[in-house]
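J.: Here you go, this is upload21.csv (CSV, N, CA and C atoms).
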chain,number,residue,atom,x,y,z
A,1,ALA,N,0.8,-1.2,0.0
A,1,ALA,CA,0.0,0.0,0.0
A,1,ALA,C,0.9,1.3,0.0
A,2,LEU,N,1.9,1.3,0.8
A,2,LEU,CA,2.8,2.4,0.8
A,2,LEU,C,3.5,2.6,-0.5
A,3,ALA,N,3.9,1.5,-1.1
A,3,ALA,CA,4.6,1.6,-2.5
A,3,ALA,C,3.6,2.3,-3.5
A,4,TRP,N,2.4,1.9,-3.4
A,4,TRP,CA,1.4,2.5,-4.3
A,4,TRP,C,1.2,3.9,-4.0
A,5,LEU,N,1.0,4.3,-2.8
A,5,LEU,CA,0.8,5.6,-2.3
A,5,LEU,C,2.0,6.5,-2.7
A,6,LEU,N,3.2,6.0,-2.5
A,6,LEU,CA,4.4,6.8,-2.8
A,6,LEU,C,4.6,7.1,-4.3
A,7,GLN,N,3.9,6.3,-5.2
A,7,GLN,CA,4.0,6.5,-6.6
A,7,GLN,C,2.9,7.4,-7.2
A,8,LYS,N,2.0,7.8,-6.3
A,8,LYS,CA,1.0,8.7,-6.7
A,8,LYS,C,1.4,10.2,-6.4
A,9,ALA,N,1.4,11.0,-7.4
A,9,ALA,CA,1.8,12.4,-7.2
A,9,ALA,C,0.6,13.2,-6.8
A,10,PRO,N,0.6,14.2,-6.0
A,10,PRO,CA,1.8,14.8,-5.3
A,10,PRO,C,1.9,14.4,-3.9
A,11,VAL,N,1.9,13.1,-3.5
A,11,VAL,CA,2.1,12.7,-2.2
A,11,VAL,C,3.5,13.1,-1.7
A,12,THR,N,3.5,13.7,-0.5
A,12,THR,CA,4.8,14.1,0.0
A,12,THR,C,5.1,13.4,1.3
A,13,ALA,N,4.1,13.0,2.1
A,13,ALA,CA,4.4,12.4,3.4
A,13,ALA,C,3.2,11.5,3.9
A,14,PRO,N,3.2,10.2,3.5
A,14,PRO,CA,2.2,9.4,4.0
A,14,PRO,C,2.3,9.2,5.5
A,15,ILE,N,1.1,9.1,6.1
A,15,ILE,CA,1.1,8.9,7.6
A,15,ILE,C,1.3,7.4,7.9
A,16,ILE,N,2.3,7.1,8.7
A,16,ILE,CA,2.6,5.7,9.1
A,16,ILE,C,2.4,5.6,10.6
A,17,GLY,N,1.5,4.7,10.9
A,17,GLY,CA,1.2,4.4,12.4
A,17,GLY,C,2.0,3.3,12.9
A,18,ALA,N,3.3,3.5,13.0
A,18,ALA,CA,4.3,2.5,13.5
A,18,ALA,C,4.3,2.4,15.0
A,19,THR,N,4.1,1.2,15.5
A,19,THR,CA,4.2,1.0,17.0
A,19,THR,C,5.4,0.1,17.3
A,20,LYS,N,6.1,-0.4,16.3
A,20,LYS,CA,7.2,-1.3,16.5
A,20,LYS,C,8.3,-0.9,15.5
A,21,GLU,N,9.5,-1.2,15.8
A,21,GLU,CA,10.6,-1.0,14.8
A,21,GLU,C,10.4,-1.7,13.5
A,22,SER,N,9.9,-2.9,13.6
A,22,SER,CA,9.6,-3.7,12.3
A,22,SER,C,8.6,-3.0,11.4
A,23,HIS,N,7.7,-2.2,12.0
A,23,HIS,CA,6.8,-1.5,11.1
A,23,HIS,C,7.5,-0.4,10.3
A,24,LEU,N,8.4,0.3,11.0
A,24,LEU,CA,9.2,1.3,10.3
A,24,LEU,C,10.1,0.6,9.2
A,25,GLU,N,10.7,-0.5,9.5
A,25,GLU,CA,11.5,-1.2,8.5
A,25,GLU,C,10.7,-1.6,7.3
A,26,SER,N,9.5,-2.1,7.5
A,26,SER,CA,8.6,-2.4,6.4
A,26,SER,C,8.3,-1.2,5.6
A,27,ALA,N,8.0,-0.1,6.3
A,27,ALA,CA,7.7,1.2,5.6
A,27,ALA,C,8.8,1.7,4.7
A,28,VAL,N,10.0,1.6,5.2
A,28,VAL,CA,11.2,2.0,4.4
A,28,VAL,C,11.4,1.1,3.2
A,29,THR,N,11.1,-0.2,3.4
A,29,THR,CA,11.2,-1.1,2.3
A,29,THR,C,10.3,-0.7,1.1
A,30,ALA,N,9.2,-0.1,1.4
A,30,ALA,CA,8.3,0.4,0.3
A,30,ALA,C,8.9,1.4,-0.6
A,31,LEU,N,10.0,2.1,-0.1
A,31,LEU,CA,10.7,3.0,-1.0
A,31,LEU,C,11.4,2.3,-2.2
A,32,LYS,N,11.7,1.0,-2.0
A,32,LYS,CA,12.4,0.3,-3.0
A,32,LYS,C,11.5,-0.4,-4.0
A,33,VAL,N,10.2,-0.5,-3.7
A,33,VAL,CA,9.2,-1.2,-4.5
A,33,VAL,C,8.8,-0.3,-5.7
A,34,LYS,N,8.9,-0.7,-6.9
A,34,LYS,CA,8.5,0.1,-8.0
A,34,LYS,C,7.4,-0.8,-8.7
A,35,LEU,N,6.2,-0.3,-8.7
A,35,LEU,CA,5.0,-0.9,-9.4
A,35,LEU,C,5.0,-0.6,-10.8
A,36,THR,N,4.6,-1.5,-11.7
A,36,THR,CA,4.4,-1.3,-13.1
A,36,THR,C,3.1,-0.6,-13.3
A,37,PRO,N,2.9,0.1,-14.4
A,37,PRO,CA,1.6,0.6,-14.7
A,37,PRO,C,0.5,-0.4,-14.7
A,38,ASP,N,0.7,-1.6,-15.1
A,38,ASP,CA,-0.3,-2.7,-15.0
A,38,ASP,C,-0.6,-3.1,-13.6
A,39,GLU,N,0.4,-3.1,-12.7
A,39,GLU,CA,0.1,-3.4,-11.3
A,39,GLU,C,-0.7,-2.3,-10.7
A,40,ILE,N,-0.4,-1.1,-11.0
A,40,ILE,CA,-1.1,0.0,-10.4
A,40,ILE,C,-2.6,0.0,-10.9
A,41,ALA,N,-2.8,-0.3,-12.2
A,41,ALA,CA,-4.1,-0.4,-12.7
A,41,ALA,C,-4.9,-1.5,-12.1
A,42,SER,N,-4.3,-2.6,-11.8
A,42,SER,CA,-4.9,-3.8,-11.2
A,42,SER,C,-5.3,-3.4,-9.8
A,43,LEU,N,-4.5,-2.7,-9.0
A,43,LEU,CA,-4.8,-2.3,-7.7
A,43,LEU,C,-6.0,-1.3,-7.6
A,44,GLU,N,-6.0,-0.4,-8.6
A,44,GLU,CA,-7.0,0.6,-8.7
A,44,GLU,C,-8.4,0.2,-9.3
A,45,GLU,N,-8.4,-0.9,-10.0
A,45,GLU,CA,-9.6,-1.4,-10.7
A,45,GLU,C,-10.8,-1.5,-9.9
A,46,PRO,N,-10.7,-2.1,-8.7
A,46,PRO,CA,-12.0,-2.3,-7.9
A,46,PRO,C,-12.5,-1.0,-7.3
A,47,TYR,N,-11.8,0.1,-7.3
A,47,TYR,CA,-12.2,1.3,-6.6
A,47,TYR,C,-13.4,1.9,-7.3
A,48,VAL,N,-14.4,2.3,-6.4
A,48,VAL,CA,-15.6,2.9,-6.9
A,48,VAL,C,-15.7,4.2,-6.2
A,49,PRO,N,-15.6,5.4,-6.9
A,49,PRO,CA,-15.7,6.7,-6.2
A,49,PRO,C,-17.1,6.9,-5.5
A,50,HIS,N,-17.1,7.6,-4.4
A,50,HIS,CA,-18.3,7.9,-3.7
A,50,HIS,C,-18.4,9.4,-3.6
A,51,ALA,N,-19.6,9.9,-3.5
A,51,ALA,CA,-19.8,11.4,-3.3
A,51,ALA,C,-19.3,11.8,-2.0
A,52,VAL,N,-18.7,13.0,-1.9
A,52,VAL,CA,-18.2,13.5,-0.7
A,52,VAL,C,-19.4,14.0,0.1
A,53,VAL,N,-19.4,13.6,1.4
A,53,VAL,CA,-20.5,14.0,2.3
A,53,VAL,C,-20.0,14.8,3.4
A,54,GLY,N,-20.6,16.0,3.7
A,54,GLY,CA,-20.3,16.8,4.9
A,54,GLY,C,-19.1,17.7,4.7
A,55,ALA,N,-18.5,17.8,3.5
A,55,ALA,CA,-17.4,18.7,3.3
A,55,ALA,C,-17.9,20.1,2.9
A,56,LEU,N,-17.2,21.1,3.3
A,56,LEU,CA,-17.6,22.5,3.0
A,56,LEU,C,-17.1,22.9,1.6
With the file now loaded, output its structure as structure tokens.
T.:
Amino acid sequence: ALAWLLQKAPVTAPIIGATKESHLESAVTALKVKLTPDEIASLEEPYVPHAVVGAL
């Protein structure tokens, strides 16, 4: 998930809820993962947009 998020512009700082050192190590590993356009499309395919509710 972090690898996907990091490849979406203009993300600058994903929020990582790490409670253990291993969580941080996994998050850093995401920096090395490069998804292909086909992999990104496959991950995004099931997404169905919903109307924003309650925003100003």
J.: Can you work out the spacing between atom CA of Leu6 of chain A and atom CA of Val53 of chain A in Å, to one decimal?
T.: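 Interatomic distance, atom CA of Leu6 of chain A to atom CA of Val53 of chain A: 26.4 Å.
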J.: Identify which of the residues A:Val33, A:Glu21, A:Tyr47, A:Ala55 lies closest to Leu2 of chain A, counting only N, CA and C atoms when measuring atom-to-atom distances.
T.: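 Once distances to Leu2 of chain A are computed over only N, CA and C atoms, the minimum belongs to A:Val33.
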J.: Run DSSP on the backbone of this structure and report the residues of chain A it assigns to helix (DSSP H, G or I), as an MDAnalysis selection string.
T.: chainID A and resid 2:6 21:32 37:44
J.: Which value, in Å to one decimal, gives the distance between atom CA of Gln7 of chain A and atom CA of Lys34 of chain A?
T.: 7.9 Å
J.: State, in Å with one decimal place, the distance from atom N of Leu43 of chain A to atom N of Gly17 of chain A.
T.: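 Rounded to one decimal, the two atoms are 22.1 Å apart.
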J.: Ranking A:Leu5, A:Val48, A:Ala13, A:Ala18 by minimum distance to Ala30 of chain A and counting only C-alpha atoms, which one comes first?
T.: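 Using only C-alpha atoms, Ala30 of chain A sits closest to A:Leu5.
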J.: Go through A:Ile40, A:Val52, A:Ala3, A:Ala9 one by one, measure the shortest atom-to-atom distance of each to Ala27 of chain A using only N, CA and C atoms, and give the residue with the smallest value.
T.: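 Ranking A:Ile40, A:Val52, A:Ala3, A:Ala9 by distance to Ala27 of chain A, first place goes to A:Ala3.
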